[in-house]
Each structure stands twice: as C-alpha cells, then as structure tokens.
$ cat query_2.pdb   # PDB, C-alpha atoms
ATOM      1  CA  MET A   1       0.000   0.000   0.000
ATOM      2  CA  LEU A   2       2.729   2.482   0.992
ATOM      3  CA  LEU A   3       4.860   1.528  -2.019
ATOM      4  CA  ARG A   4       1.906   2.169  -4.366
ATOM      5  CA  LEU A   5       1.458   5.634  -2.797
ATOM      6  CA  VAL A   6       5.182   6.367  -3.214
ATOM      7  CA  LYS A   7       4.982   5.313  -6.883
ATOM      8  CA  LYS A   8       2.036   7.654  -7.464
ATOM      9  CA  LEU A   9       3.882  10.490  -5.736
ATOM     10  CA  HIS A  10       6.923   9.777  -7.934
ATOM     11  CA  THR A  11       4.838   9.760 -11.129
ATOM     12  CA  TYR A  12       2.859  12.921 -10.388
ATOM     13  CA  ALA A  13       5.916  14.806  -9.132
ATOM     14  CA  GLY A  14       7.667  13.882 -12.388
ATOM     15  CA  LEU A  15       4.734  15.068 -14.486
ATOM     16  CA  LEU A  16       4.471  18.340 -12.557
ATOM     17  CA  THR A  17       8.161  19.117 -13.025
ATOM     18  CA  PHE A  18       8.470  17.958 -16.651
ATOM     19  CA  LEU A  19       8.283  21.391 -18.323
ATOM     20  CA  ASN A  20      10.732  22.782 -15.774
ATOM     21  CA  LEU A  21      13.177  19.948 -16.423
ATOM     22  CA  ALA A  22      12.830  20.419 -20.188
ATOM     23  CA  VAL A  23      13.784  24.116 -19.890
ATOM     24  CA  TYR A  24      16.649  23.258 -17.525
ATOM     25  CA  GLY A  25      17.859  20.548 -19.900
ATOM     26  CA  VAL A  26      17.790  22.760 -23.001
ATOM     27  CA  VAL A  27      19.537  25.588 -21.150
ATOM     28  CA  GLY A  28      22.086  23.268 -19.563
ATOM     29  CA  LEU A  29      23.014  21.726 -22.900
ATOM     30  CA  SER A  30      23.096  25.065 -24.730
ATOM     31  CA  ILE A  31      25.193  27.062 -22.234
ATOM     32  CA  PRO A  32      28.500  26.287 -24.002
ATOM     33  CA  PHE A  33      26.997  27.634 -27.227
ATOM     34  CA  LEU A  34      25.315  30.673 -25.598
ATOM     35  CA  ARG A  35      28.698  32.145 -24.780
ATOM     36  CA  GLN A  36      29.473  32.312 -28.487
ATOM     37  CA  SER A  37      26.019  33.338 -29.750
ATOM     38  CA  GLN A  38      25.332  36.865 -30.863
ATOM     39  CA  THR A  39      22.203  38.823 -30.176
ATOM     40  CA  ALA A  40      20.778  41.029 -32.900
ATOM     41  CA  PRO A  41      22.232  44.543 -33.076
ATOM     42  CA  PRO A  42      20.308  47.066 -30.987
ATOM     43  CA  VAL A  43      17.497  49.067 -32.560
ATOM     44  CA  ILE A  44      17.597  52.783 -31.746
ATOM     45  CA  THR A  45      14.401  54.844 -31.797
ATOM     46  CA  TYR A  46      13.235  58.168 -30.391
ATOM     47  CA  ARG A  47       9.912  59.176 -28.861
ATOM     48  CA  ASN A  48       8.631  62.594 -27.940
ATOM     49  CA  PHE A  49       8.318  63.046 -24.206
ATOM     50  CA  THR A  50       8.121  66.056 -21.940
ATOM     51  CA  VAL A  51       9.117  65.437 -18.360
ATOM     52  CA  PRO A  52       6.317  66.768 -16.139
ATOM     53  CA  PRO A  53       7.517  69.131 -13.424
ATOM     54  CA  ASN A  54       8.206  67.929  -9.870
ATOM     55  CA  LEU A  55       8.518  64.236 -10.730
ATOM     56  CA  THR A  56      11.246  62.137  -9.148
ATOM     57  CA  ASP A  57      13.551  60.004 -11.303
ATOM     58  CA  ARG A  58      11.632  56.904 -10.159
ATOM     59  CA  GLN A  59       8.295  58.402 -11.216
ATOM     60  CA  VAL A  60       9.721  59.321 -14.637
ATOM     61  CA  ALA A  61      11.138  55.780 -14.965
ATOM     62  CA  GLU A  62       7.782  54.209 -14.095
ATOM     63  CA  ARG A  63       5.958  56.483 -16.529
ATOM     64  CA  ILE A  64       8.382  55.634 -19.391
ATOM     65  CA  CYS A  65       8.195  51.932 -18.536
ATOM     66  CA  SER A  66       4.416  52.162 -18.792
ATOM     67  CA  LEU A  67       4.552  54.170 -22.059
ATOM     68  CA  LEU A  68       6.812  51.551 -23.655
ATOM     69  CA  GLY A  69       4.673  48.662 -22.398
ATOM     70  CA  LEU A  70       7.553  47.026 -20.560
ATOM     71  CA  SER A  71       5.492  45.111 -18.021
ATOM     72  CA  LEU A  72       8.222  42.431 -17.837
ATOM     73  CA  ALA A  73      10.624  45.083 -16.472
ATOM     74  CA  THR A  74       8.356  46.051 -13.578
ATOM     75  CA  PRO A  75       8.674  46.860 -10.781
ATOM     76  CA  VAL A  76      11.433  49.260 -11.798
ATOM     77  CA  ASN A  77      14.616  48.314  -9.979
ATOM     78  CA  GLN A  78      16.470  51.179  -8.290
ATOM     79  CA  ALA A  79      19.700  50.037  -9.987
ATOM     80  CA  ALA A  80      18.063  50.693 -13.384
ATOM     81  CA  ILE A  81      17.760  54.422 -12.619
ATOM     82  CA  GLN A  82      21.024  56.242 -13.314
ATOM     83  CA  HIS A  83      22.448  59.406 -14.858
ATOM     84  CA  ASP A  84      24.905  59.536 -17.755
ATOM     85  CA  ALA A  85      27.953  61.831 -18.062
ATOM     86  CA  ALA A  86      25.762  64.662 -19.412
ATOM     87  CA  ASN A  87      23.455  64.269 -16.359
ATOM     88  CA  ASN A  88      20.612  62.902 -18.509
ATOM     89  CA  LEU A  89      18.375  60.357 -16.822
ATOM     90  CA  PHE A  90      19.478  56.903 -18.029
ATOM     91  CA  LEU A  91      17.168  53.929 -17.508
ATOM     92  CA  ASP A  92      18.366  50.368 -18.022
ATOM     93  CA  PHE A  93      15.296  48.109 -18.217
ATOM     94  CA  ARG A  94      16.250  44.410 -18.270
ATOM     95  CA  HIS A  95      13.694  41.662 -18.860
ATOM     96  CA  ALA A  96      13.348  38.168 -20.288
ATOM     97  CA  ASN A  97      13.012  39.456 -23.858
ATOM     98  CA  GLY A  98      16.234  41.473 -23.679
ATOM     99  CA  GLY A  99      16.736  45.030 -22.616
ATOM    100  CA  ASP A 100      15.709  48.597 -23.278
ATOM    101  CA  GLN A 101      18.149  51.370 -22.433
ATOM    102  CA  VAL A 102      16.391  54.713 -22.325
ATOM    103  CA  THR A 103      18.122  58.093 -22.196
ATOM    104  CA  VAL A 104      15.776  60.954 -21.311
ATOM    105  CA  LEU A 105      16.812  63.995 -23.342
ATOM    106  CA  GLU A 106      14.902  66.581 -21.334
ATOM    107  CA  LYS A 107      16.116  69.622 -23.298
ATOM    108  CA  GLU A 108      15.092  68.016 -26.597
ATOM    109  CA  ARG A 109      11.745  66.888 -25.152
ATOM    110  CA  ARG A 110      12.171  63.280 -26.183
ATOM    111  CA  PHE A 111      13.878  60.073 -25.126
ATOM    112  CA  ARG A 112      16.197  57.711 -26.939
ATOM    113  CA  ILE A 113      15.493  53.973 -26.747
ATOM    114  CA  GLU A 114      18.117  51.351 -27.495
ATOM    115  CA  THR A 115      16.330  48.010 -27.709
ATOM    116  CA  THR A 116      18.178  44.700 -27.639
ATOM    117  CA  ARG A 117      16.337  41.400 -28.008
ATOM    118  CA  ASN A 118      17.520  38.107 -26.546
ATOM    119  CA  ASN A 119      17.832  35.097 -28.798
ATOM    120  CA  ILE A 120      15.841  32.005 -27.797
ATOM    121  CA  GLY A 121      18.737  30.576 -25.777
ATOM    122  CA  LEU A 122      19.162  33.696 -23.645
ATOM    123  CA  TYR A 123      15.389  33.934 -23.236
ATOM    124  CA  LEU A 124      15.245  30.365 -21.900
ATOM    125  CA  TYR A 125      18.273  31.071 -19.704
ATOM    126  CA  THR A 126      16.371  33.947 -18.090
ATOM    127  CA  LEU A 127      13.359  31.681 -17.525
ATOM    128  CA  HIS A 128      15.641  29.029 -16.067
ATOM    129  CA  GLU A 129      16.996  31.364 -13.387
ATOM    130  CA  THR A 130      13.656  32.900 -12.380
ATOM    131  CA  THR A 131      12.234  31.692  -9.049
ATOM    132  CA  ALA A 132       9.570  32.841  -6.593
ATOM    133  CA  ALA A 133      12.139  35.151  -4.973
ATOM    134  CA  PHE A 134      11.785  37.183  -8.181
ATOM    135  CA  HIS A 135       8.818  39.542  -7.931
ATOM    136  CA  SER A 136       7.620  40.703 -11.334
ATOM    137  CA  GLY A 137       4.940  43.239 -12.098
ATOM    138  CA  ASP A 138       3.898  41.044 -15.026
ATOM    139  CA  TRP A 139       1.509  38.229 -14.110
ATOM    140  CA  ARG A 140       2.951  35.867 -16.741
ATOM    141  CA  MET A 141       6.485  36.150 -15.425
ATOM    142  CA  GLN A 142       5.288  35.856 -11.817
ATOM    143  CA  LEU A 143       3.247  32.756 -12.717
ATOM    144  CA  TRP A 144       6.334  31.207 -14.319
ATOM    145  CA  ALA A 145       8.464  32.133 -11.274
ATOM    146  CA  ASP A 146       5.956  30.504  -8.920
ATOM    147  CA  TYR A 147       5.726  27.396 -11.140
ATOM    148  CA  ASN A 148       9.517  27.200 -11.305
ATOM    149  CA  GLU A 149       9.707  27.206  -7.509
ATOM    150  CA  PHE A 150       6.916  24.620  -7.241
ATOM    151  CA  ALA A 151       8.596  22.416  -9.853
ATOM    152  CA  MET A 152      11.871  22.449  -7.911
ATOM    153  CA  TRP A 153      10.019  21.141  -4.854
ATOM    154  CA  CYS A 154       8.342  18.505  -7.048
ATOM    155  CA  LEU A 155      11.776  17.492  -8.331
ATOM    156  CA  LEU A 156      12.968  17.044  -4.747
ATOM    157  CA  ALA A 157       9.879  14.884  -4.020
ATOM    158  CA  MET A 158      10.543  12.868  -7.184
ATOM    159  CA  ILE A 159      14.162  12.227  -6.185
ATOM    160  CA  ALA A 160      13.213  11.249  -2.627
ATOM    161  CA  SER A 161      10.411   8.926  -3.787
ATOM    162  CA  GLY A 162      12.688   7.409  -6.439
ATOM    163  CA  PHE A 163      15.326   6.692  -3.812
ATOM    164  CA  ALA A 164      12.659   5.210  -1.512
ATOM    165  CA  MET A 165      11.460   2.932  -4.334
ATOM    166  CA  PHE A 166      15.059   1.895  -5.040
ATOM    167  CA  LEU A 167      15.548   0.912  -1.397
ATOM    168  CA  ALA A 168      12.176  -0.869  -1.230
ATOM    169  CA  SER A 169      12.648  -2.843  -4.447
ATOM    170  CA  ARG A 170      15.522  -4.985  -3.325
ATOM    171  CA  ALA A 171      18.658  -3.084  -4.229
ATOM    172  CA  ARG A 172      20.048  -6.387  -5.532
ATOM    173  CA  SER A 173      17.740  -6.212  -8.550
ATOM    174  CA  ARG A 174      19.812  -6.214 -11.741
ATOM    175  CA  LEU A 175      17.555  -3.628 -13.437
ATOM    176  CA  ALA A 176      17.815  -1.283 -10.438
ATOM    177  CA  GLN A 177      21.613  -1.555 -10.416
ATOM    178  CA  ILE A 178      21.847  -0.935 -14.175
ATOM    179  CA  SER A 179      19.498   2.083 -13.910
ATOM    180  CA  LEU A 180      21.529   3.564 -11.057
ATOM    181  CA  ALA A 181      24.845   3.042 -12.864
ATOM    182  CA  THR A 182      23.499   4.459 -16.145
ATOM    183  CA  GLY A 183      22.061   7.529 -14.425
ATOM    184  CA  CYS A 184      25.321   8.215 -12.570
ATOM    185  CA  CYS A 185      27.402   7.795 -15.736
ATOM    186  CA  LEU A 186      25.116  10.070 -17.764
ATOM    187  CA  PHE A 187      25.209  12.725 -15.046
ATOM    188  CA  ALA A 188      29.010  12.596 -14.813
ATOM    189  CA  GLY A 189      29.382  12.590 -18.605
ATOM    190  CA  LEU A 190      27.111  15.611 -19.094
ATOM    191  CA  TYR A 191      28.820  17.428 -16.246
ATOM    192  CA  PHE A 192      32.296  17.016 -17.773
ATOM    193  CA  TRP A 193      31.053  17.659 -21.329
ATOM    194  CA  THR A 194      29.628  21.046 -20.367
ATOM    195  CA  ARG A 195      32.673  22.198 -18.370
TER     196      ARG A 195
END
$ encode --input "query_2.pdb" --output "structure tokens"
Amino acid sequence: MLLRLVKKLHTYAGLLTFLNLAVYGVVGLSIPFLRQSQTAPPVITYRNFTVPPNLTDRQVAERICSLLGLSLATPVNQAAIQHDAANNLFLDFRHANGGDQVTVLEKERRFRIETTRNNIGLYLYTLHETTAAFHSGDWRMQLWADYNEFAMWCLLAMIASGFAMFLASRARSRLAQISLATGCCLFAGLYFWTR
C-alpha cells in the first residue's frame, strides 16, 4: 500500500516538473553555445516626451516603462535608474526578452530607446533562473516564477520517492543496479562535457 502511494507520488511529481526539467535541460546543454552566440544589433528609436515638473527620477522611470509597455521590467529596480555623463536620466530596463536602455533627453523633449532582443537561448536562460524570490509586475512572469519554484520542490519529491522505491525494491535487482549506474554515468558525462 505504501509503495503504491510512493509510486504515485513519484509519477505525479515527475509530471508536474516535466516542463521545468525540459527548460533546464535545453539551457544546460546550450550554455556552451550561448557564450558564443550573438544577439541582434540594438534598434535605436526616439519618442517625444516632456518630463512633467516635480517628478522624481523613479516616477519618470515608471511612466516611461508604462509608455513603452515594458510590463516584464516592472517593478522598476532602483539600480536601473542612473544618470549619464551629461546628467541625462538613463534607464536600463532588463527583462526576459532582452533590454531597453532609455536616455531621457529633457532639453530636446524626447527620449532615446536602445532596444536589444535576446535570442531564444538567452530567453530560456532567463526563464531558467527565475524563481519565486523574483517579484515581477507582469503576471505571466510571476506565474512562471511561482511554477519554477513549485517544480523544484516537485523534483525534490521525485528524487526522494525514487530513492525510496530503489531501497524498497531490493537493491540487488539487476535492473535497479543498471538504472543507477546508467544515471550516474550520464550525469558525470554531461557534467564534464559542459565544463
């Protein structure tokens, strides 16, 4: 009875963490190639914008973030709000899709946007490192972050239940020994291949 419950736990935990493991696997195998991949050159555009009086830098940053529709970059991080050498407000919005660097040219009544887009590998890498500790203003990114955290706990449950089944199924079983040896060899091989 208990073994059947452990098997069900193992199966459902595996199903609940499958998408997470697929993203981790693709990212893990592509990391050596990501270092050499190039993102597309940045696209530079300008938009008219008059800075309303008496706004703080943070309020201007939030307004520009809203104007550009950068919900993935919210809430605006304090580190993203800077000033360049000419004392123009410089905003560095980073998100899963890439980045938008905005320079507010107050005297010219406009802002300059330098948009860089991540390739699919860098996009998946960002998803791979996003957990519930990450608080996004975008519901999609927050949902993914919460799922990512949940899937890591499911993975832990899957490992623990798998180990419990291994111990309960007579560790002298030839199939269990072959599975354990194969898994260890694959893990070691992938570890050294990606280093």
$ resolve_selection --input "query_2.pdb" --expression "the PyMOL selection byres ((chain A and resi 50) around 7)" --output "ChimeraX atom specification"
/A:48-49,51-52,106,109-110
$ residues_around --input "query_2.pdb" --residues "region 128-142 of chain A" --least-positions-apart "5" --cutoff "7 Å" --atoms "only C-alpha atoms" --output "PyMOL selection string"
chain A and resi 23-24+71-72+74-75+148-149
$ residues_near_point --input "query_2.pdb" --point "(4.5, 1.6, -4.8)" --cutoff "10 Å" --atoms "all atoms listed in the file" --output "PyMOL selection string"
chain A and resi 1-10+161+164-165+168-169
$ write_last_selection --input "query_2.pdb" --atoms "C-alpha atoms" --output "compact mmCIF listing (two decimals), keeping the file's coordinate frame"
# COMPACT_ATOMS: atom_id res chain seq x y z
CA MET A 1 0.00 0.00 0.00
CA LEU A 2 2.73 2.48 0.99
CA LEU A 3 4.86 1.53 -2.02
CA ARG A 4 1.91 2.17 -4.37
CA LEU A 5 1.46 5.63 -2.80
CA VAL A 6 5.18 6.37 -3.21
CA LYS A 7 4.98 5.31 -6.88
CA LYS A 8 2.04 7.65 -7.46
CA LEU A 9 3.88 10.49 -5.74
CA HIS A 10 6.92 9.78 -7.93
CA SER A 161 10.41 8.93 -3.79
CA ALA A 164 12.66 5.21 -1.51
CA MET A 165 11.46 2.93 -4.33
CA ALA A 168 12.18 -0.87 -1.23
CA SER A 169 12.65 -2.84 -4.45
$ closest_residue --input "query_2.pdb" --among "A:Cys184, A:Ala160, A:Ile31, A:Val104" --to "Asn87 (chain A)" --atoms "only C-alpha atoms"
A:Val104
$ residues_around --input "query_2.pdb" --residues "region 118-126 of chain A" --least-positions-apart "4" --cutoff "12 Å" --atoms "all atoms listed in the file" --output "ChimeraX atom specification"
/A:19-42,72,94-100,130-131,134,141,144-145,148
$ atom_distance --input "query_2.pdb" --atom1 "CA of Thr17 (chain A)" --atom2 "CA of Ala188 (chain A)"
21.9 Å
$ residues_near_point --input "query_2.pdb" --point "(13.4, 59.8, -29.3)" --cutoff "12 Å" --atoms "only C-alpha atoms" --output "PyMOL selection string"
chain A and resi 43-50+64+68+101-114
$ resolve_selection --input "query_2.pdb" --expression "the PyMOL selection byres ((chain A and resi 76) around 9)" --output "ChimeraX atom specification"
/A:58,61-62,65,73-75,77-81,93,137
$ atom_distance --input "query_2.pdb" --atom1 "CA of Thr56 (chain A)" --atom2 "CA of Leu70 (chain A)"
19.3 Å
$ atom_distance --input "query_2.pdb" --atom1 "CA of Ala176 (chain A)" --atom2 "CA of Arg195 (chain A)"
28.9 Å
$ build_atoms --input "query_2.pdb" --residues "region 73-95 of chain A" --atoms "N, CA and C atoms" --output "short mmCIF file (atom, residue, chain, number, x, y, z; two decimals), in the frame of the given file"
data_model
loop_
_atom_site.label_atom_id
_atom_site.label_comp_id
_atom_site.auth_asym_id
_atom_site.auth_seq_id
_atom_site.Cartn_x
_atom_site.Cartn_y
_atom_site.Cartn_z
N ALA A 73 9.55 44.38 -17.19
CA ALA A 73 10.62 45.08 -16.47
C ALA A 73 10.13 45.73 -15.18
N THR A 74 8.89 45.46 -14.81
CA THR A 74 8.36 46.05 -13.58
C THR A 74 8.41 45.05 -12.44
N PRO A 75 8.50 45.48 -11.22
CA PRO A 75 8.67 46.86 -10.78
C PRO A 75 10.06 47.37 -11.15
N VAL A 76 10.16 48.67 -11.37
CA VAL A 76 11.43 49.26 -11.80
C VAL A 76 12.45 49.14 -10.65
N ASN A 77 13.55 48.51 -10.96
CA ASN A 77 14.62 48.31 -9.98
C ASN A 77 15.37 49.62 -9.79
N GLN A 78 15.75 49.94 -8.57
CA GLN A 78 16.47 51.18 -8.29
C GLN A 78 17.80 51.24 -9.05
N ALA A 79 18.42 50.08 -9.26
CA ALA A 79 19.70 50.04 -9.99
C ALA A 79 19.53 50.41 -11.46
N ALA A 80 18.32 50.34 -11.97
CA ALA A 80 18.06 50.69 -13.38
C ALA A 80 18.00 52.19 -13.60
N ILE A 81 17.90 52.96 -12.52
CA ILE A 81 17.76 54.42 -12.62
C ILE A 81 19.12 55.06 -12.36
N GLN A 82 19.69 55.67 -13.41
CA GLN A 82 21.02 56.24 -13.31
C GLN A 82 21.05 57.58 -14.05
N HIS A 83 22.23 58.19 -14.06
CA HIS A 83 22.45 59.41 -14.86
C HIS A 83 23.73 59.21 -15.66
N ASP A 84 23.71 59.66 -16.92
CA ASP A 84 24.90 59.54 -17.76
C ASP A 84 25.85 60.71 -17.49
N ALA A 85 26.94 60.78 -18.25
CA ALA A 85 27.95 61.83 -18.06
C ALA A 85 27.39 63.23 -18.28
N ALA A 86 26.38 63.35 -19.14
CA ALA A 86 25.76 64.66 -19.41
C ALA A 86 24.62 64.97 -18.43
N ASN A 87 24.48 64.15 -17.39
CA ASN A 87 23.46 64.27 -16.36
C ASN A 87 22.04 64.05 -16.89
N ASN A 88 21.93 63.31 -18.01
CA ASN A 88 20.61 62.90 -18.51
C ASN A 88 20.18 61.67 -17.72
N LEU A 89 18.90 61.54 -17.49
CA LEU A 89 18.38 60.36 -16.82
C LEU A 89 18.55 59.16 -17.75
N PHE A 90 19.21 58.11 -17.25
CA PHE A 90 19.48 56.90 -18.03
C PHE A 90 18.79 55.74 -17.33
N LEU A 91 17.95 55.03 -18.07
CA LEU A 91 17.17 53.93 -17.51
C LEU A 91 17.54 52.64 -18.22
N ASP A 92 17.93 51.65 -17.46
CA ASP A 92 18.37 50.37 -18.02
C ASP A 92 17.35 49.30 -17.63
N PHE A 93 16.35 49.09 -18.48
CA PHE A 93 15.30 48.11 -18.22
C PHE A 93 15.72 46.76 -18.76
N ARG A 94 15.90 45.78 -17.87
CA ARG A 94 16.25 44.41 -18.27
C ARG A 94 15.05 43.51 -18.04
N HIS A 95 14.81 42.59 -18.98
CA HIS A 95 13.69 41.66 -18.86
C HIS A 95 14.00 40.42 -19.68
#
